[in-house]
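Have a look at input.pdb below; it lists PDB, N, CA and C atoms.
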```
MODEL        1
ATOM      1  N   MET A  46     -21.982 -11.032   2.772  1.00  0.00           N
ATOM      2  CA  MET A  46     -21.345 -10.649   4.008  1.00  0.00           C
ATOM      3  C   MET A  46     -21.677  -9.200   4.343  1.00  0.00           C
ATOM      4  N   PRO A  47     -21.940  -8.878   5.616  1.00  0.00           N
ATOM      5  CA  PRO A  47     -22.257  -7.496   5.965  1.00  0.00           C
ATOM      6  C   PRO A  47     -21.018  -6.599   5.887  1.00  0.00           C
ATOM      7  N   LYS A  48     -21.282  -5.307   5.796  1.00  0.00           N
ATOM      8  CA  LYS A  48     -20.174  -4.352   5.772  1.00  0.00           C
ATOM      9  C   LYS A  48     -19.510  -4.317   7.138  1.00  0.00           C
ATOM     10  N   LEU A  49     -18.207  -4.131   7.148  1.00  0.00           N
ATOM     11  CA  LEU A  49     -17.467  -4.025   8.401  1.00  0.00           C
ATOM     12  C   LEU A  49     -17.424  -2.568   8.836  1.00  0.00           C
ATOM     13  N   LYS A  50     -17.535  -2.339  10.124  1.00  0.00           N
ATOM     14  CA  LYS A  50     -17.485  -0.972  10.631  1.00  0.00           C
ATOM     15  C   LYS A  50     -16.048  -0.582  10.939  1.00  0.00           C
ATOM     16  N   THR A  51     -15.729   0.688  10.673  1.00  0.00           N
ATOM     17  CA  THR A  51     -14.431   1.243  11.011  1.00  0.00           C
ATOM     18  C   THR A  51     -14.523   1.834  12.407  1.00  0.00           C
ATOM     19  N   LYS A  52     -13.498   1.604  13.224  1.00  0.00           N
ATOM     20  CA  LYS A  52     -13.480   2.189  14.569  1.00  0.00           C
ATOM     21  C   LYS A  52     -13.285   3.687  14.446  1.00  0.00           C
ATOM     22  N   SER A  53     -14.193   4.460  15.029  1.00  0.00           N
ATOM     23  CA  SER A  53     -14.135   5.919  14.924  1.00  0.00           C
ATOM     24  C   SER A  53     -12.872   6.480  15.547  1.00  0.00           C
ATOM     25  N   SER A  54     -12.432   5.899  16.647  1.00  0.00           N
ATOM     26  CA  SER A  54     -11.230   6.410  17.310  1.00  0.00           C
ATOM     27  C   SER A  54      -9.996   6.207  16.429  1.00  0.00           C
ATOM     28  N   ALA A  55      -9.954   5.107  15.675  1.00  0.00           N
ATOM     29  CA  ALA A  55      -8.795   4.831  14.818  1.00  0.00           C
ATOM     30  C   ALA A  55      -8.750   5.778  13.633  1.00  0.00           C
ATOM     31  N   LYS A  56      -9.908   6.075  13.040  1.00  0.00           N
ATOM     32  CA  LYS A  56      -9.886   6.950  11.864  1.00  0.00           C
ATOM     33  C   LYS A  56      -9.548   8.391  12.230  1.00  0.00           C
ATOM     34  N   LYS A  57      -9.760   8.767  13.495  1.00  0.00           N
ATOM     35  CA  LYS A  57      -9.404  10.121  13.937  1.00  0.00           C
ATOM     36  C   LYS A  57      -7.916  10.241  14.264  1.00  0.00           C
ATOM     37  N   ARG A  58      -7.289   9.136  14.658  1.00  0.00           N
ATOM     38  CA  ARG A  58      -5.920   9.197  15.164  1.00  0.00           C
ATOM     39  C   ARG A  58      -4.847   8.751  14.177  1.00  0.00           C
ATOM     40  N   PHE A  59      -5.202   7.919  13.214  1.00  0.00           N
ATOM     41  CA  PHE A  59      -4.189   7.320  12.342  1.00  0.00           C
ATOM     42  C   PHE A  59      -4.499   7.559  10.878  1.00  0.00           C
ATOM     43  N   ARG A  60      -3.444   7.629  10.055  1.00  0.00           N
ATOM     44  CA  ARG A  60      -3.558   7.712   8.598  1.00  0.00           C
ATOM     45  C   ARG A  60      -2.641   6.660   8.004  1.00  0.00           C
ATOM     46  N   LEU A  61      -2.974   6.204   6.815  1.00  0.00           N
ATOM     47  CA  LEU A  61      -2.122   5.235   6.142  1.00  0.00           C
ATOM     48  C   LEU A  61      -1.320   5.934   5.047  1.00  0.00           C
ATOM     49  N   THR A  62      -0.050   5.572   4.924  1.00  0.00           N
ATOM     50  CA  THR A  62       0.790   6.130   3.879  1.00  0.00           C
ATOM     51  C   THR A  62       0.515   5.396   2.577  1.00  0.00           C
ATOM     52  N   ALA A  63       1.125   5.845   1.509  1.00  0.00           N
ATOM     53  CA  ALA A  63       0.924   5.223   0.201  1.00  0.00           C
ATOM     54  C   ALA A  63       1.430   3.781   0.181  1.00  0.00           C
ATOM     55  N   ARG A  64       2.420   3.485   0.982  1.00  0.00           N
ATOM     56  CA  ARG A  64       2.971   2.124   1.036  1.00  0.00           C
ATOM     57  C   ARG A  64       2.285   1.256   2.080  1.00  0.00           C
ATOM     58  N   GLY A  65       1.265   1.803   2.748  1.00  0.00           N
ATOM     59  CA  GLY A  65       0.494   1.006   3.688  1.00  0.00           C
ATOM     60  C   GLY A  65       0.984   1.050   5.121  1.00  0.00           C
ATOM     61  N   LYS A  66       1.933   1.920   5.416  1.00  0.00           N
ATOM     62  CA  LYS A  66       2.390   2.049   6.793  1.00  0.00           C
ATOM     63  C   LYS A  66       1.423   2.969   7.546  1.00  0.00           C
ATOM     64  N   VAL A  67       1.374   2.826   8.852  1.00  0.00           N
ATOM     65  CA  VAL A  67       0.457   3.628   9.665  1.00  0.00           C
ATOM     66  C   VAL A  67       1.222   4.820  10.239  1.00  0.00           C
ATOM     67  N   LYS A  68       0.687   6.008   9.973  1.00  0.00           N
ATOM     68  CA  LYS A  68       1.288   7.246  10.448  1.00  0.00           C
ATOM     69  C   LYS A  68       0.492   7.725  11.658  1.00  0.00           C
ATOM     70  N   MET A  69       1.200   8.144  12.714  1.00  0.00           N
ATOM     71  CA  MET A  69       0.517   8.569  13.927  1.00  0.00           C
ATOM     72  C   MET A  69       1.219   9.782  14.529  1.00  0.00           C
ATOM     73  N   PRO A  70       0.498  10.571  15.352  1.00  0.00           N
ATOM     74  CA  PRO A  70       1.154  11.699  16.020  1.00  0.00           C
ATOM     75  C   PRO A  70       2.114  11.198  17.097  1.00  0.00           C
ATOM     76  N   GLN A  71       3.113  11.999  17.406  1.00  0.00           N
ATOM     77  CA  GLN A  71       4.084  11.628  18.436  1.00  0.00           C
ATOM     78  C   GLN A  71       3.409  11.564  19.798  1.00  0.00           C
ATOM     79  N   ALA A  72       3.804  10.610  20.608  1.00  0.00           N
ATOM     80  CA  ALA A  72       3.243  10.461  21.951  1.00  0.00           C
ATOM     81  C   ALA A  72       4.080  11.226  22.967  1.00  0.00           C
ATOM     82  N   GLY A  73       3.470  11.543  24.105  1.00  0.00           N
ATOM     83  CA  GLY A  73       4.218  12.130  25.218  1.00  0.00           C
ATOM     84  C   GLY A  73       4.344  13.627  25.201  1.00  0.00           C
ATOM     85  N   LYS A  74       3.405  14.344  24.594  1.00  0.00           N
ATOM     86  CA  LYS A  74       3.513  15.809  24.561  1.00  0.00           C
ATOM     87  C   LYS A  74       2.277  16.496  25.119  1.00  0.00           C
ATOM     88  N   ARG A  75       1.525  15.832  25.972  1.00  0.00           N
ATOM     89  CA  ARG A  75       0.298  16.432  26.508  1.00  0.00           C
ATOM     90  C   ARG A  75       0.562  17.265  27.753  1.00  0.00           C
ATOM     91  N   HIS A  76       1.405  16.781  28.644  1.00  0.00           N
ATOM     92  CA  HIS A  76       1.671  17.517  29.884  1.00  0.00           C
ATOM     93  C   HIS A  76       3.052  17.130  30.390  1.00  0.00           C
ATOM     94  N   GLY A  77       3.537  17.862  31.407  1.00  0.00           N
ATOM     95  CA  GLY A  77       4.840  17.569  31.993  1.00  0.00           C
ATOM     96  C   GLY A  77       6.000  17.996  31.119  1.00  0.00           C
ATOM     97  N   MET A  78       5.816  19.077  30.353  1.00  0.00           N
ATOM     98  CA  MET A  78       6.875  19.498  29.440  1.00  0.00           C
ATOM     99  C   MET A  78       8.030  20.206  30.169  1.00  0.00           C
ATOM    100  N   ILE A  79       7.811  20.631  31.405  1.00  0.00           N
ATOM    101  CA  ILE A  79       8.866  21.303  32.173  1.00  0.00           C
ATOM    102  C   ILE A  79      10.038  20.352  32.406  1.00  0.00           C
ATOM    103  N   LYS A  80       9.742  19.113  32.701  1.00  0.00           N
ATOM    104  CA  LYS A  80      10.816  18.161  33.012  1.00  0.00           C
ATOM    105  C   LYS A  80      11.475  17.570  31.776  1.00  0.00           C
ATOM    106  N   ARG A  81      10.959  17.839  30.584  1.00  0.00           N
ATOM    107  CA  ARG A  81      11.556  17.329  29.344  1.00  0.00           C
ATOM    108  C   ARG A  81      12.659  18.281  28.866  1.00  0.00           C
ATOM    109  N   THR A  82      13.650  17.730  28.196  1.00  0.00           N
ATOM    110  CA  THR A  82      14.695  18.581  27.631  1.00  0.00           C
ATOM    111  C   THR A  82      14.188  19.211  26.338  1.00  0.00           C
ATOM    112  N   ASN A  83      14.821  20.296  25.920  1.00  0.00           N
ATOM    113  CA  ASN A  83      14.411  20.985  24.692  1.00  0.00           C
ATOM    114  C   ASN A  83      14.573  20.085  23.474  1.00  0.00           C
ATOM    115  N   SER A  84      15.627  19.290  23.466  1.00  0.00           N
ATOM    116  CA  SER A  84      15.836  18.396  22.319  1.00  0.00           C
ATOM    117  C   SER A  84      14.756  17.315  22.274  1.00  0.00           C
ATOM    118  N   GLN A  85      14.319  16.863  23.434  1.00  0.00           N
ATOM    119  CA  GLN A  85      13.261  15.845  23.471  1.00  0.00           C
ATOM    120  C   GLN A  85      11.951  16.431  22.950  1.00  0.00           C
ATOM    121  N   ILE A  86      11.644  17.659  23.343  1.00  0.00           N
ATOM    122  CA  ILE A  86      10.425  18.323  22.873  1.00  0.00           C
ATOM    123  C   ILE A  86      10.493  18.527  21.360  1.00  0.00           C
ATOM    124  N   ARG A  87      11.663  18.919  20.868  1.00  0.00           N
ATOM    125  CA  ARG A  87      11.851  19.161  19.440  1.00  0.00           C
ATOM    126  C   ARG A  87      11.668  17.879  18.629  1.00  0.00           C
ATOM    127  N   LYS A  88      12.178  16.773  19.145  1.00  0.00           N
ATOM    128  CA  LYS A  88      12.088  15.498  18.428  1.00  0.00           C
ATOM    129  C   LYS A  88      10.674  14.945  18.389  1.00  0.00           C
ATOM    130  N   GLN A  89       9.820  15.413  19.287  1.00  0.00           N
ATOM    131  CA  GLN A  89       8.457  14.904  19.343  1.00  0.00           C
ATOM    132  C   GLN A  89       7.474  15.711  18.516  1.00  0.00           C
ATOM    133  N   ARG A  90       7.957  16.587  17.654  1.00  0.00           N
ATOM    134  CA  ARG A  90       7.069  17.328  16.759  1.00  0.00           C
ATOM    135  C   ARG A  90       6.568  16.418  15.652  1.00  0.00           C
ATOM    136  N   GLY A  91       5.435  16.783  15.087  1.00  0.00           N
ATOM    137  CA  GLY A  91       4.967  16.115  13.879  1.00  0.00           C
ATOM    138  C   GLY A  91       4.473  14.701  14.104  1.00  0.00           C
ATOM    139  N   THR A  92       4.709  13.847  13.113  1.00  0.00           N
ATOM    140  CA  THR A  92       4.196  12.478  13.142  1.00  0.00           C
ATOM    141  C   THR A  92       5.337  11.477  13.065  1.00  0.00           C
ATOM    142  N   THR A  93       4.996  10.235  13.312  1.00  0.00           N
ATOM    143  CA  THR A  93       5.967   9.151  13.229  1.00  0.00           C
ATOM    144  C   THR A  93       5.281   7.925  12.626  1.00  0.00           C
ATOM    145  N   ILE A  94       6.074   6.943  12.231  1.00  0.00           N
ATOM    146  CA  ILE A  94       5.547   5.706  11.661  1.00  0.00           C
ATOM    147  C   ILE A  94       5.413   4.670  12.787  1.00  0.00           C
ATOM    148  N   MET A  95       4.280   4.016  12.835  1.00  0.00           N
ATOM    149  CA  MET A  95       4.007   3.032  13.869  1.00  0.00           C
ATOM    150  C   MET A  95       4.783   1.743  13.604  1.00  0.00           C
ATOM    151  N   SER A  96       5.080   1.004  14.664  1.00  0.00           N
ATOM    152  CA  SER A  96       5.803  -0.257  14.517  1.00  0.00           C
ATOM    153  C   SER A  96       4.942  -1.276  13.762  1.00  0.00           C
ATOM    154  N   LYS A  97       5.598  -2.239  13.178  1.00  0.00           N
ATOM    155  CA  LYS A  97       4.914  -3.227  12.339  1.00  0.00           C
ATOM    156  C   LYS A  97       3.883  -4.026  13.130  1.00  0.00           C
ATOM    157  N   GLN A  98       4.220  -4.396  14.373  1.00  0.00           N
ATOM    158  CA  GLN A  98       3.322  -5.199  15.193  1.00  0.00           C
ATOM    159  C   GLN A  98       2.054  -4.410  15.548  1.00  0.00           C
ATOM    160  N   ASP A  99       2.227  -3.144  15.935  1.00  0.00           N
ATOM    161  CA  ASP A  99       1.072  -2.327  16.309  1.00  0.00           C
ATOM    162  C   ASP A  99       0.241  -1.936  15.092  1.00  0.00           C
ATOM    163  N   SER A 100       0.900  -1.714  13.954  1.00  0.00           N
ATOM    164  CA  SER A 100       0.162  -1.309  12.761  1.00  0.00           C
ATOM    165  C   SER A 100      -0.750  -2.426  12.261  1.00  0.00           C
ATOM    166  N   LYS A 101      -0.380  -3.673  12.520  1.00  0.00           N
ATOM    167  CA  LYS A 101      -1.238  -4.799  12.143  1.00  0.00           C
ATOM    168  C   LYS A 101      -2.569  -4.726  12.894  1.00  0.00           C
ATOM    169  N   ILE A 102      -2.527  -4.341  14.166  1.00  0.00           N
ATOM    170  CA  ILE A 102      -3.737  -4.203  14.980  1.00  0.00           C
ATOM    171  C   ILE A 102      -4.574  -3.039  14.493  1.00  0.00           C
ATOM    172  N   VAL A 103      -3.923  -1.900  14.223  1.00  0.00           N
ATOM    173  CA  VAL A 103      -4.644  -0.698  13.793  1.00  0.00           C
ATOM    174  C   VAL A 103      -5.294  -0.919  12.431  1.00  0.00           C
ATOM    175  N   LYS A 104      -4.633  -1.633  11.540  1.00  0.00           N
ATOM    176  CA  LYS A 104      -5.205  -1.899  10.217  1.00  0.00           C
ATOM    177  C   LYS A 104      -6.463  -2.755  10.317  1.00  0.00           C
ATOM    178  N   SER A 105      -6.546  -3.595  11.337  1.00  0.00           N
ATOM    179  CA  SER A 105      -7.758  -4.393  11.513  1.00  0.00           C
ATOM    180  C   SER A 105      -8.937  -3.519  11.948  1.00  0.00           C
ATOM    181  N   TYR A 106      -8.645  -2.371  12.559  1.00  0.00           N
ATOM    182  CA  TYR A 106      -9.700  -1.426  12.957  1.00  0.00           C
ATOM    183  C   TYR A 106     -10.227  -0.638  11.764  1.00  0.00           C
ATOM    184  N   MET A 107      -9.434  -0.549  10.688  1.00  0.00           N
ATOM    185  CA  MET A 107      -9.817   0.238   9.517  1.00  0.00           C
ATOM    186  C   MET A 107      -9.866  -0.681   8.297  1.00  0.00           C
ATOM    187  N   PRO A 108     -10.941  -1.423   8.103  1.00  0.00           N
ATOM    188  CA  PRO A 108     -10.975  -2.412   7.028  1.00  0.00           C
ATOM    189  C   PRO A 108     -11.020  -1.810   5.631  1.00  0.00           C
ATOM    190  N   TYR A 109     -11.441  -0.563   5.504  1.00  0.00           N
ATOM    191  CA  TYR A 109     -11.599   0.019   4.170  1.00  0.00           C
ATOM    192  C   TYR A 109     -10.539   1.044   3.836  1.00  0.00           C
ATOM    193  N   ASN A 110      -9.383   0.985   4.478  1.00  0.00           N
ATOM    194  CA  ASN A 110      -8.203   1.766   4.104  1.00  0.00           C
ATOM    195  C   ASN A 110      -8.519   3.234   3.899  1.00  0.00           C
ATOM    196  N   LEU A 111      -8.489   4.012   4.957  1.00  0.00           N
ATOM    197  CA  LEU A 111      -8.884   5.422   4.926  1.00  0.00           C
ATOM    198  C   LEU A 111      -7.758   6.331   4.441  1.00  0.00           C
ATOM    199  N   ARG A 112      -7.086   5.957   3.366  1.00  0.00           N
ATOM    200  CA  ARG A 112      -5.981   6.775   2.882  1.00  0.00           C
ATOM    201  C   ARG A 112      -6.457   8.055   2.226  1.00  0.00           C
ATOM    202  N   GLY A 113      -7.592   8.026   1.537  1.00  0.00           N
ATOM    203  CA  GLY A 113      -8.064   9.219   0.846  1.00  0.00           C
ATOM    204  C   GLY A 113      -8.920  10.119   1.698  1.00  0.00           C
ATOM    205  N   TRP A 114      -9.129   9.777   2.947  1.00  0.00           N
ATOM    206  CA  TRP A 114     -10.003  10.524   3.851  1.00  0.00           C
ATOM    207  C   TRP A 114      -9.256  11.701   4.423  1.00  0.00           C
ATOM    208  N   ASP A 115      -9.838  12.913   4.318  1.00  0.00           N
ATOM    209  CA  ASP A 115      -9.138  14.087   4.833  1.00  0.00           C
ATOM    210  C   ASP A 115      -9.591  14.466   6.235  1.00  0.00           C
ATOM    211  N   GLY A 116     -10.628  13.812   6.759  1.00  0.00           N
ATOM    212  CA  GLY A 116     -11.028  14.022   8.132  1.00  0.00           C
ATOM    213  C   GLY A 116     -11.999  15.159   8.361  1.00  0.00           C
ATOM    214  N   LYS A 117     -12.097  16.100   7.428  1.00  0.00           N
ATOM    215  CA  LYS A 117     -12.953  17.260   7.639  1.00  0.00           C
ATOM    216  C   LYS A 117     -14.280  17.146   6.898  1.00  0.00           C
ATOM    217  N   SER A 118     -14.219  16.802   5.635  1.00  0.00           N
ATOM    218  CA  SER A 118     -15.448  16.725   4.854  1.00  0.00           C
ATOM    219  C   SER A 118     -15.978  15.294   4.846  1.00  0.00           C
ATOM    220  N   LYS A 119     -17.212  15.147   4.443  1.00  0.00           N
ATOM    221  CA  LYS A 119     -17.826  13.832   4.384  1.00  0.00           C
ATOM    222  C   LYS A 119     -17.482  13.103   3.089  1.00  0.00           C
ATOM    223  N   LYS A 120     -16.928  13.827   2.120  1.00  0.00           N
ATOM    224  CA  LYS A 120     -16.573  13.220   0.840  1.00  0.00           C
ATOM    225  C   LYS A 120     -15.161  12.667   0.898  1.00  0.00           C
ATOM    226  N   ARG A 121     -14.913  11.645   0.108  1.00  0.00           N
ATOM    227  CA  ARG A 121     -13.560  11.113   0.003  1.00  0.00           C
ATOM    228  C   ARG A 121     -12.823  11.871  -1.092  1.00  0.00           C
ATOM    229  N   SER A 122     -11.573  12.194  -0.871  1.00  0.00           N
ATOM    230  CA  SER A 122     -10.798  12.910  -1.875  1.00  0.00           C
ATOM    231  C   SER A 122      -9.933  11.918  -2.639  1.00  0.00           C
ATOM    232  N   TYR A 123     -10.148  11.796  -3.899  1.00  0.00           N
ATOM    233  CA  TYR A 123      -9.379  10.901  -4.756  1.00  0.00           C
ATOM    234  C   TYR A 123      -8.489  11.708  -5.688  1.00  0.00           C
ATOM    235  N   LYS A 124      -7.379  11.124  -6.054  1.00  0.00           N
ATOM    236  CA  LYS A 124      -6.530  11.757  -7.053  1.00  0.00           C
ATOM    237  C   LYS A 124      -7.167  11.574  -8.421  1.00  0.00           C
ATOM    238  N   SER A 125      -6.925  12.507  -9.321  1.00  0.00           N
ATOM    239  CA  SER A 125      -7.516  12.390 -10.663  1.00  0.00           C
ATOM    240  C   SER A 125      -6.908  11.195 -11.389  1.00  0.00           C
ATOM    241  N   ARG A 126      -7.758  10.490 -12.101  1.00  0.00           N
ATOM    242  CA  ARG A 126      -7.300   9.265 -12.763  1.00  0.00           C
ATOM    243  C   ARG A 126      -6.901   9.519 -14.181  1.00  0.00           C
TER     244      ARG A 126
ENDMDL
END
```
Target format structure tokens, applied to this file:
Amino acid sequence: MPKLKTKSSAKKRFRLTARGKVKMPQAGKRHGMIKRTNSQIRKQRGTTIMSKQDSKIVKSYMPYNLRGWDGKSKKRSYKSR
């Protein structure tokens, strides 16, 4: 069987946690921040866990589980065994 390709857009936007959940940046913080409340802006910091239904789709885009990928270097970073 041929190797499966990973979607480049998915590997740039999503990471997998140790338990296999998909971690993603918060949505809705690109523009229009004047009309948002301060508490809403504060709650949208950092990352969030994707819903189970959507994470199933994203996992199909990343067949080789990019958990050890740091995004900057071409090498994979593994924990010492």
**Message:** Could you go through chain A and tell me which residues DSSP, when run on the backbone, assigns to alpha helix (DSSP H), listing them as a ChimeraX atom specification?
**Reply:** /A:53-58,83-88,97-106
For region 102-108 of chain A, take all atoms listed in the file, fit an axis-aligned box around them, add 8 Å to each of the six sides, then output centre and edge lengths in Å rounded to one decimal, as AutoDock Vina command-line options.
```
--center_x -6.8 --center_y -2.1 --center_z 10.3 --size_x 24.5 --size_y 20.6 --size_z 25.3
```
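Across the structure, atom C of Lys68 (chain A) and atom N of Met95 (chain A) are spaced 5.4 Å apart.
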**Request:** Can you work out which one of A:Lys50, A:Lys80, A:Arg90, A:Lys101 has the shortest atom-to-atom distance to Lys66 (chain A), counting only C-alpha atoms?
**Result:**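 For Lys66 (chain A), the nearest of the candidates is A:Lys101.
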**Fill in**
Counting only C-alpha atoms, closest pick from A:Met69, A:Met78, A:Ile94, A:Met107 relative to Lys52 (chain A) is A:Met107
**Message:** Please compute the CA of Tyr109 (chain A)-atom C of Met46 (chain A) distance, one decimal, in Å.
**Reply:**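 Going from CA of Tyr109 (chain A) over to atom C of Met46 (chain A) covers 13.7 Å.
Residues of region 47-104 of chain A that DSSP, applied to the backbone, places in strand (DSSP E): Arg60, Leu61, Val67, Lys68, Met69, Pro70, Thr92, Thr93 and Ile94 of chain A.
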**Request:** State, in Å with one decimal place, the distance from atom N of Pro70 (chain A) to atom C of Ser54 (chain A).
**Result:** 11.4 Å
**Request:** Rank nothing, just name the residue among A:Ala72, A:Gln98, A:Ser84, A:Thr93 nearest to Arg60 (chain A), using only C-alpha atoms.
**Result:** A:Thr93
**Request:** Choose the residue, out of A:Ser96, A:Thr62, A:Gln89, A:Ser53, that has the smallest atom-to-atom separation from Asn110 (chain A); count only C-alpha atoms.
**Result:**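 The closest residue to Asn110 (chain A) is A:Thr62.
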